[in-house]
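Below: one structure, written as structure tokens.
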Amino acid sequence: MSDDEVYFSCEDEDETTAVTADSATDGKRKLQHDSDEETAESKRTKSESNIIATPSPNTCLANRILKDRFQLNGFRLEQEGAITRLLDGGSALVVFPTGGGKSLCYQVPAVAFRYQDEQLGRQTRGKSGVTLVISPLIALMRDQVDALHRRGVKAAALNSSMSRDQFLAAQDDLRNGRLDLIYCAPERLNSEGFISSLKDIPGGIRLLAVDEAHCISEWGHSFRPDYLKIARFAKEAAVERVVCLTATATPKVADDIRDAFAIPEEGLFRTTMYRPNLRLLAEANTKATDYVAKLAIHLKKYPGPTIVYVTIQKGAETLAAQLQNLGFNARPYHAGMATPIRAKTQDEFLVSQNMIVVATIAFGMGIDKPDIRSIVHFDMPDSIESYSQQIGRAGRDGKPSVCMFYLATKDFYLRNIFTYGDRPSIRSLRLLMQDICSPARAQLKAGDTFTLSLYTQGQETDIKAVVLGILYAQMELHFGLFRAAGMLYSRYKYMVKKPDIVHSDCSHAASVIIAGSAKASRWTHVALDELADSSGIPRANLVRKIDEWNECDAIELKKEGVQNIFRLERPLPSTPQEIDDIVHQLDVSMHATEKQNLARTKTMLSLITDQRCFSRAIADYFGETSTLAQECGHCTWCETHKQVVLPNEPPQPPDPAKVKKVLDKISIRDDARFLAKVAFGIKSPRMTALKVSQSGVFESMNVCDFLELLEVFTEACERDGGGSIEYVLHRG
Ligand SMILES: Nc1ncnc2c1ncn2[C@@H]1O[C@H](COP(=O)(O)OP(=O)(O)OP(=O)(O)O)[C@@H](O)[C@H]1O
């Protein structure tokens, strides 16, 4: 089908055009900021469509595109409302469960803008702008782009898995207005180059679609700091309208998303998570239980395609092997496995009638298999959000399916490893701030840039990469210290493939590079910073020259040593007091995150152990005002009216002999949290450097409560004069 084969078959085409002109002008060229006029307008549209059966012109256009371009017969529940709102110029928050059809909510408008513009004579061809989709999942981007191409929609993704040629072609298409949709990961918004290239798109960004939008909220279960920058970007790039999409948003998270993107209340489109065909079962087991034997009985009783969720990669491998030994067609799946093996497992699962995938959370996103008959939680998920998303993968064909949750006290150990492992010690935060605010950087002014390797800094300060990312986002967004401006590579090396091009290049940059490079046996190494300093040619010009050779295939290029670039918004803090203030505030915020994660585990536990219907509890958690009865009739509570009780297996108090052994083996006294992590079994960069795992004391006190360990080791550090300060989290 060609571009132009989407026709308007509304009964009255003239009216279509006339009303479209009205509504589209309202939302033109700006983010909708909850103006009274627009609120009234969209309310009127909603209530009118209830009274009169005639759909609005934009609804007509959306339906036509759905049918002609996507070959689908009609919209599901709230899709039409959300898409119409976007085409009317408003922004929206779409909360549909997994598989609910969120993607169409931006794909249909992305195709529609051109037709809207042509109808209105508003834009000339190729200047209808683009829909920018921010998605964290590269595999999902690829699948969606392929599916859109099959439907004749012009879409591309910009991501690290693409070849250079694909990347350049996509950028060229984008610059020249040949794309309806462009996908990228949130991290790309850290690149000043990418952001400035978006400014030149003919017609601008008509719609910004933010997938997995719950990641923007610090209350969400998977907060990602780069998401906070998307809202700032939306304002600065004069994005016309925004659609945020998520499968899980509590009322608090939904409010956060709406606040960040100025989406008024009527822009929220939520459908229920409730699935009448899912039986939600749970049982609690004691330490003495043979969990694998129990699982085997369950899997025999409920055959069919099954996903068994576990928390850690090793757990997936071990359990899959145990099930194979028992004769099941079981396979592991986790992010640590090679991509071709993962792809094979996924492909086989999609067509299998009896396969069991033992997986970490890495499995499931984008899997749209209708006949998954069973989901098992062998370990406790991190939140109700994750639980509901995972059970939502069962029974999409509407047939009865079973979800089993095995609860045990061992689950808390793993959850605590994540929760406590993510909190850096005061020592780490202090080292971080001292490194950032080094005397050399104290000379820099607002607008100047500095570079550093986050990898090296993480190692030196003993902070995990993901946590470092959160801390940097806070320094950027809460303290306004600097902005991430992109990345550069500290080491370049090349092999000449077309000597005629390289050696006949008589530009100044080329001769400086050729003269200043050092040839080893295979590769020629270029020390760019030194060359830039000695030649006076800006580094960027040297990089451009090397990239130019690479783009015309004259060289094979390798870039190494990633450095992050930051542009200062104001001079960095220089006095110890200023630095200490920031350290303290960062610690307070990390403490709050720790508390939130503990509360999330507790809420997950209550869902299973309270005396109430599981389905009702999930609906209440997400603030659904659905018509679901007080009891669903098909969960463990409704079926038995017996409470699932967690066995009373409390942690053991720290054994002084074991504490002494840790202190004997590890001489560190400036970081009590580090010692508690060693004893509990939480890895950290400093531990790897000191080879602590070979000391015989790593994980030696994993039966204890982490906070009790922290108290004991804090006392030991104070006694031994290490001066470790830790704010111990109070219970309750
Ligand atoms: N109106 C519709 N009619 C028929 N099929 C639809 C409709 N809307 C979506 N679908 C189909 O439903 C499936 C799931 O859609 P989609 O991938 O957009 O869901 P999603 O909400 O993004 O799910 P996830 O949260 O898992 O990413 C797709 O195969 C899609 O083609």
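Naming works like this for the structure tokens: A, B, ... for the chains as they're shown, residue 1 at the start of each chain, ligands 1 onward in shown order.
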Subject >> Selection as a list in words: residues within 8 Å of ligand 1 by only C-alpha atoms and all ligand atoms >> reply: Leu66, Leu72, Asn73, Gly74, Phe75, Arg76, Gln79, Phe96, Pro97, Thr98, Gly99, Gly100, Gly101, Lys102, Ser103, Leu104, Cys105, Thr246, Ala247, Gly364, Met365, Gly366, Ile367 and Asp368 of chain A
Subject >> Selection: 8 Å around A:Arg69, only C-alpha atoms, excl. self and same-chain fewer than 4 positions, as a list in words >> reply: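 In the requested form, the answer reads Val6, Arg64, Ile65, Arg151 and Gly152 of chain A.
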Go ahead and dump the residues you just picked, C-alpha atoms, as a PDB file, in the first residue's frame.
```pdb
ATOM      1  CA  VAL A   6      -5.371   5.872   3.559  1.00  0.00           C
ATOM      2  CA  ARG A  64      -9.296   4.728   8.962  1.00  0.00           C
ATOM      3  CA  ILE A  65      -5.560   4.440   9.626  1.00  0.00           C
ATOM      4  CA  ARG A 151       2.929  -2.085   7.048  1.00  0.00           C
ATOM      5  CA  GLY A 152       4.606   0.543   4.910  1.00  0.00           C
TER       6      GLY A 152
END
```
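Taking only C-alpha atoms into account, A:Pro276 lies nearest to A:Leu628 out of the set A:Leu628, A:Leu208, A:Leu709, A:Ile307.
Backbone DSSP of stretch 450-558 of chain A yields strand (DSSP E or B) at A:Phe450, A:Thr451, A:Leu452, A:Phe482, A:Arg483, A:Ala484, A:Ala485, A:Gly486, A:Met487, A:Leu488, A:Tyr489, A:Ser490, A:Arg491, A:Tyr492, A:Lys493, A:Tyr494, A:Met495, A:Val496, A:Ala518, A:Lys519, A:Thr524, A:His525, A:Val526, A:Ile555, A:Glu556, A:Leu557, A:Lys558.
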**OP:** Rank A:Val308, A:Leu607, A:Leu87, A:Met433 by their smallest atom-to-atom distance to A:Gln577, using only C-alpha atoms, and report the top residue only.
**Re:** A:Met433
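Take the candidates A:Cys244, A:Val153, A:Ile618, A:Met590 and check each one against A:Met273 using only C-alpha atoms; the shortest distance goes to A:Ile618.
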Would you please give, as a compact mmCIF listing (two decimals) with N, CA and C atoms, in the first residue's frame, all residues of stretch 36-175 of chain A that DSSP assigns to helix (DSSP H, G or I) based on the backbone?
```txt
# COMPACT_ATOMS: atom_id res chain seq x y z
N ASP A 36 -7.67 25.87 30.65
CA ASP A 36 -9.10 25.63 30.89
C ASP A 36 -9.84 25.35 29.61
N GLU A 37 -9.42 26.13 28.57
CA GLU A 37 -10.11 26.02 27.29
C GLU A 37 -9.99 24.59 26.75
N GLU A 38 -8.75 24.07 26.79
CA GLU A 38 -8.53 22.74 26.23
C GLU A 38 -9.20 21.66 27.08
N THR A 39 -9.18 21.90 28.39
CA THR A 39 -9.81 20.94 29.28
C THR A 39 -11.29 20.85 28.93
N ALA A 40 -11.89 22.03 28.78
CA ALA A 40 -13.31 22.05 28.45
C ALA A 40 -13.55 21.40 27.10
N GLU A 41 -12.65 21.72 26.17
CA GLU A 41 -12.78 21.17 24.81
C GLU A 41 -12.78 19.65 24.83
N SER A 42 -11.74 19.08 25.53
CA SER A 42 -11.67 17.62 25.48
C SER A 42 -12.79 16.99 26.28
N LYS A 43 -13.22 17.69 27.34
CA LYS A 43 -14.35 17.15 28.11
C LYS A 43 -15.59 17.11 27.23
N ARG A 44 -15.74 18.24 26.45
CA ARG A 44 -16.90 18.34 25.57
C ARG A 44 -16.86 17.19 24.56
N THR A 45 -15.66 16.96 23.99
CA THR A 45 -15.54 15.90 22.98
C THR A 45 -15.94 14.57 23.58
N LYS A 46 -15.43 14.32 24.81
CA LYS A 46 -15.75 13.04 25.46
C LYS A 46 -17.25 12.91 25.69
N SER A 47 -17.87 14.00 26.27
CA SER A 47 -19.27 13.84 26.62
C SER A 47 -20.14 13.83 25.36
N GLU A 48 -19.71 14.60 24.35
CA GLU A 48 -20.48 14.59 23.10
C GLU A 48 -20.51 13.20 22.49
N SER A 49 -19.33 12.55 22.54
CA SER A 49 -19.29 11.24 21.90
C SER A 49 -20.16 10.24 22.66
N ASN A 50 -20.45 10.57 23.93
CA ASN A 50 -21.36 9.70 24.65
C ASN A 50 -22.81 9.92 24.22
N ILE A 51 -23.12 11.20 23.94
CA ILE A 51 -24.52 11.51 23.63
C ILE A 51 -24.82 11.18 22.15
N PRO A 57 -14.00 13.94 13.81
CA PRO A 57 -13.20 13.74 12.60
C PRO A 57 -11.86 13.08 12.89
N ASN A 58 -11.23 13.47 14.00
CA ASN A 58 -9.94 12.85 14.30
C ASN A 58 -10.12 11.38 14.67
N THR A 59 -11.25 11.07 15.30
CA THR A 59 -11.54 9.66 15.60
C THR A 59 -11.72 8.89 14.30
N CYS A 60 -12.39 9.54 13.35
CA CYS A 60 -12.59 8.91 12.03
C CYS A 60 -11.25 8.64 11.37
N LEU A 61 -10.39 9.65 11.40
CA LEU A 61 -9.08 9.50 10.77
C LEU A 61 -8.31 8.35 11.43
N ALA A 62 -8.37 8.31 12.76
CA ALA A 62 -7.66 7.26 13.49
C ALA A 62 -8.19 5.88 13.10
N ASN A 63 -9.50 5.76 12.99
CA ASN A 63 -10.09 4.46 12.64
C ASN A 63 -9.72 4.03 11.22
N ARG A 64 -9.66 5.02 10.35
CA ARG A 64 -9.30 4.73 8.96
C ARG A 64 -7.86 4.20 8.90
N ILE A 65 -6.97 4.86 9.64
CA ILE A 65 -5.56 4.44 9.63
C ILE A 65 -5.42 3.06 10.27
N LEU A 66 -6.18 2.84 11.33
CA LEU A 66 -6.14 1.53 12.00
C LEU A 66 -6.51 0.42 11.02
N LYS A 67 -7.53 0.71 10.21
CA LYS A 67 -8.04 -0.31 9.30
C LYS A 67 -7.12 -0.47 8.08
N ASP A 68 -6.81 0.66 7.46
CA ASP A 68 -6.09 0.59 6.19
C ASP A 68 -4.60 0.33 6.37
N GLN A 79 -8.15 2.86 23.71
CA GLN A 79 -7.21 3.29 22.66
C GLN A 79 -7.77 4.47 21.88
N GLU A 80 -9.02 4.36 21.48
CA GLU A 80 -9.60 5.39 20.62
C GLU A 80 -9.62 6.75 21.32
N GLY A 81 -10.00 6.74 22.61
CA GLY A 81 -10.05 7.99 23.36
C GLY A 81 -8.68 8.64 23.43
N ALA A 82 -7.67 7.83 23.73
CA ALA A 82 -6.31 8.36 23.89
C ALA A 82 -5.80 8.92 22.56
N ILE A 83 -6.03 8.17 21.47
CA ILE A 83 -5.52 8.60 20.16
C ILE A 83 -6.24 9.87 19.69
N THR A 84 -7.54 9.90 19.91
CA THR A 84 -8.29 11.10 19.51
C THR A 84 -7.76 12.32 20.27
N ARG A 85 -7.52 12.13 21.55
CA ARG A 85 -7.01 13.25 22.35
C ARG A 85 -5.68 13.76 21.79
N LEU A 86 -4.81 12.82 21.41
CA LEU A 86 -3.51 13.21 20.87
C LEU A 86 -3.69 13.94 19.54
N LEU A 87 -4.58 13.43 18.70
CA LEU A 87 -4.79 14.08 17.41
C LEU A 87 -5.46 15.44 17.59
N LEU A 104 -0.07 1.13 19.64
CA LEU A 104 -0.90 1.79 18.63
C LEU A 104 -1.23 3.22 19.03
N CYS A 105 -1.19 3.49 20.33
CA CYS A 105 -1.57 4.82 20.80
C CYS A 105 -0.60 5.91 20.30
N TYR A 106 0.62 5.51 19.92
CA TYR A 106 1.47 6.52 19.28
C TYR A 106 1.71 6.22 17.80
N GLN A 107 1.58 4.93 17.42
CA GLN A 107 1.83 4.62 16.02
C GLN A 107 0.74 5.19 15.11
N VAL A 108 -0.50 5.11 15.55
CA VAL A 108 -1.59 5.64 14.71
C VAL A 108 -1.44 7.17 14.56
N PRO A 109 -1.28 7.93 15.66
CA PRO A 109 -1.08 9.38 15.45
C PRO A 109 0.14 9.69 14.58
N ALA A 110 1.23 8.91 14.76
CA ALA A 110 2.44 9.18 13.99
C ALA A 110 2.15 9.14 12.49
N VAL A 111 1.30 8.20 12.09
CA VAL A 111 0.95 8.11 10.67
C VAL A 111 -0.07 9.19 10.30
N ALA A 112 -0.91 9.55 11.30
CA ALA A 112 -2.04 10.45 11.00
C ALA A 112 -1.63 11.90 10.74
N PHE A 113 -0.53 12.34 11.36
CA PHE A 113 -0.21 13.77 11.28
C PHE A 113 -0.14 14.28 9.84
N ARG A 114 0.46 13.45 8.97
CA ARG A 114 0.61 13.86 7.58
C ARG A 114 -0.75 14.12 6.93
N TYR A 115 -1.69 13.20 7.23
CA TYR A 115 -3.01 13.33 6.61
C TYR A 115 -3.75 14.53 7.20
N GLN A 116 -3.57 14.72 8.49
CA GLN A 116 -4.18 15.89 9.13
C GLN A 116 -3.66 17.16 8.45
N ASP A 117 -2.34 17.23 8.29
CA ASP A 117 -1.71 18.41 7.70
C ASP A 117 -2.18 18.63 6.26
N GLU A 118 -2.23 17.54 5.51
CA GLU A 118 -2.64 17.67 4.10
C GLU A 118 -4.07 18.19 4.02
N GLN A 119 -4.92 17.65 4.90
CA GLN A 119 -6.31 18.10 4.93
C GLN A 119 -6.39 19.59 5.21
N LEU A 120 -5.54 20.03 6.09
CA LEU A 120 -5.61 21.42 6.52
C LEU A 120 -4.77 22.34 5.65
N ILE A 138 16.11 -2.20 23.38
CA ILE A 138 16.58 -2.19 21.99
C ILE A 138 15.86 -3.27 21.18
N ALA A 139 15.69 -4.47 21.77
CA ALA A 139 15.07 -5.57 21.03
C ALA A 139 13.64 -5.21 20.63
N LEU A 140 12.96 -4.53 21.55
CA LEU A 140 11.58 -4.15 21.27
C LEU A 140 11.51 -3.11 20.15
N MET A 141 12.48 -2.19 20.17
CA MET A 141 12.54 -1.17 19.12
C MET A 141 12.67 -1.84 17.77
N ARG A 142 13.58 -2.81 17.72
CA ARG A 142 13.86 -3.49 16.45
C ARG A 142 12.60 -4.20 15.94
N ASP A 143 11.92 -4.93 16.84
CA ASP A 143 10.71 -5.65 16.44
C ASP A 143 9.66 -4.69 15.92
N GLN A 144 9.50 -3.57 16.63
CA GLN A 144 8.46 -2.62 16.23
C GLN A 144 8.78 -1.97 14.89
N VAL A 145 10.05 -1.63 14.70
CA VAL A 145 10.43 -0.99 13.43
C VAL A 145 10.20 -1.97 12.28
N ASP A 146 10.57 -3.23 12.47
CA ASP A 146 10.35 -4.24 11.42
C ASP A 146 8.86 -4.37 11.11
N ALA A 147 8.04 -4.45 12.16
CA ALA A 147 6.60 -4.61 11.96
C ALA A 147 6.03 -3.38 11.24
N LEU A 148 6.54 -2.19 11.58
CA LEU A 148 6.03 -0.98 10.93
C LEU A 148 6.42 -0.96 9.46
N HIS A 149 7.65 -1.39 9.16
CA HIS A 149 8.09 -1.45 7.76
C HIS A 149 7.18 -2.35 6.96
N ARG A 150 6.80 -3.50 7.55
CA ARG A 150 5.92 -4.43 6.83
C ARG A 150 4.58 -3.77 6.50
N ARG A 164 27.07 1.05 11.28
CA ARG A 164 27.34 2.47 11.00
C ARG A 164 26.48 2.96 9.84
N ASP A 165 26.36 2.13 8.80
CA ASP A 165 25.60 2.53 7.63
C ASP A 165 24.12 2.72 7.97
N GLN A 166 23.59 1.79 8.78
CA GLN A 166 22.18 1.91 9.17
C GLN A 166 21.96 3.19 9.97
N PHE A 167 22.91 3.46 10.87
CA PHE A 167 22.81 4.62 11.74
C PHE A 167 22.81 5.91 10.91
N LEU A 168 23.75 5.99 9.96
CA LEU A 168 23.86 7.20 9.15
C LEU A 168 22.63 7.37 8.27
N ALA A 169 22.12 6.23 7.73
CA ALA A 169 20.94 6.30 6.87
C ALA A 169 19.74 6.80 7.67
N ALA A 170 19.61 6.29 8.92
CA ALA A 170 18.48 6.70 9.76
C ALA A 170 18.57 8.20 10.07
N GLN A 171 19.78 8.67 10.36
CA GLN A 171 19.95 10.09 10.67
C GLN A 171 19.62 10.96 9.47
N ASP A 172 20.01 10.48 8.30
CA ASP A 172 19.75 11.22 7.07
C ASP A 172 18.24 11.29 6.81
N ASP A 173 17.56 10.15 6.98
CA ASP A 173 16.11 10.13 6.80
C ASP A 173 15.43 11.07 7.78
N LEU A 174 15.93 11.08 9.00
CA LEU A 174 15.34 11.94 10.04
C LEU A 174 15.50 13.42 9.66
N ARG A 175 16.72 13.78 9.29
CA ARG A 175 17.02 15.18 8.93
C ARG A 175 16.18 15.65 7.75
```
Subject >> Polymer residues at most 12 Å from A:Ile297, only C-alpha atoms, same-chain spacing of 6 or more positions, as a PyMOL selection string >> reply: chain A and resi 290-291+303+323+326+328
Hey, can you spit out that residue selection with N, CA and C atoms as a compact mmCIF listing (two decimals), in the first residue's frame?
```txt
# COMPACT_ATOMS: atom_id res chain seq x y z
N ASP A 290 11.14 -29.25 50.30
CA ASP A 290 11.83 -29.56 49.05
C ASP A 290 11.10 -28.79 47.95
N TYR A 291 11.61 -27.57 47.69
CA TYR A 291 10.89 -26.66 46.78
C TYR A 291 10.79 -27.23 45.37
N PRO A 303 -0.04 -28.53 33.08
CA PRO A 303 0.90 -28.56 31.96
C PRO A 303 0.66 -27.38 30.99
N LEU A 323 15.00 -29.27 36.69
CA LEU A 323 13.74 -29.67 36.03
C LEU A 323 14.01 -30.57 34.83
N LEU A 326 14.43 -33.95 35.85
CA LEU A 326 13.16 -34.59 36.21
C LEU A 326 12.31 -34.86 34.97
N PHE A 328 11.44 -32.61 32.49
CA PHE A 328 10.67 -31.50 31.90
C PHE A 328 11.45 -30.87 30.74
```
Subject >> Spatial neighbours of stretch 414-430 of chain A, max dist 7 Å, only C-alpha atoms, sep filter under 5 positions, as a VMD selection string >> reply: chain A and resid 382 461 to 463 467 583 587 590 594 597 671 673 682 725 to 726
With C-alpha atoms retained, export the selected residues as a CSV table (one decimal), in the first residue's frame.
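Output saved as part_3.csv:
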```csv
chain,number,residue,atom,x,y,z
A,382,ASP,CA,10.4,-7.0,43.9
A,461,THR,CA,34.5,5.2,45.2
A,462,ASP,CA,32.9,1.7,45.6
A,463,ILE,CA,29.6,2.6,44.0
A,467,VAL,CA,23.6,3.8,41.7
A,583,VAL,CA,27.0,14.4,50.7
A,587,ASP,CA,22.7,10.1,51.7
A,590,MET,CA,19.6,7.1,49.3
A,594,GLU,CA,16.2,2.1,50.8
A,597,ASN,CA,12.4,-0.6,48.6
A,671,ASP,CA,33.5,1.8,56.2
A,673,ARG,CA,28.7,-0.7,55.6
A,682,ILE,CA,26.6,-8.3,49.0
A,725,ILE,CA,29.9,7.2,60.2
A,726,GLU,CA,26.7,5.5,59.1
```
**OP:** Excluding stretch 663-669 of chain A and any residue of its chain fewer than 5 positions from it, enumerate the residues within 12 Å of it, using only C-alpha atoms, and give them as an NGL selection string.
**Re:** :A and (427 or 656-658 or 674-676 or 678-679 or 686-687 or 690-698 or 700 or 712-725)
**OP:** Name the residues in contact with A:Thr524 at a cut-off of 6 Å, using only C-alpha atoms, excluding same-chain residues fewer than 5 positions from it; report them as a list in words.
**Re:** Lys493, Tyr494, Ala518 and Lys519 of chain A
Write to file, as a PDB file, in the first residue's frame, the residues of the selection just made, with C-alpha atoms.
```
ATOM      1  CA  LYS A 493      43.047   3.372  16.882  1.00  0.00           C
ATOM      2  CA  TYR A 494      42.709   2.598  13.193  1.00  0.00           C
ATOM      3  CA  ALA A 518      51.956   5.713  16.561  1.00  0.00           C
ATOM      4  CA  LYS A 519      51.841   2.548  14.487  1.00  0.00           C
TER       5      LYS A 519
END
```
**OP:** Would you list the contacts of A:Gln652 as a ChimeraX atom specification, taking every protein, DNA or RNA residue within 9 Å and counting only C-alpha atoms, but skipping same-chain residues closer than 3 positions in sequence?
**Re:** /A:649,655,701,703-705
Original post:
Of the residues A:Gln324, A:Thr286, A:Asn564, A:Thr248, which is the one nearest to A:Tyr472, using only C-alpha atoms?
Top reply: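 The closest residue to A:Tyr472 is A:Asn564.
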**OP:** May I ask for the distance between atom CA of A:Ser438 and atom CA of A:Arg483, given in Å to one decimal place?
**Re:**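 Between atom CA of A:Ser438 and atom CA of A:Arg483 the gap works out to 17.5 Å.
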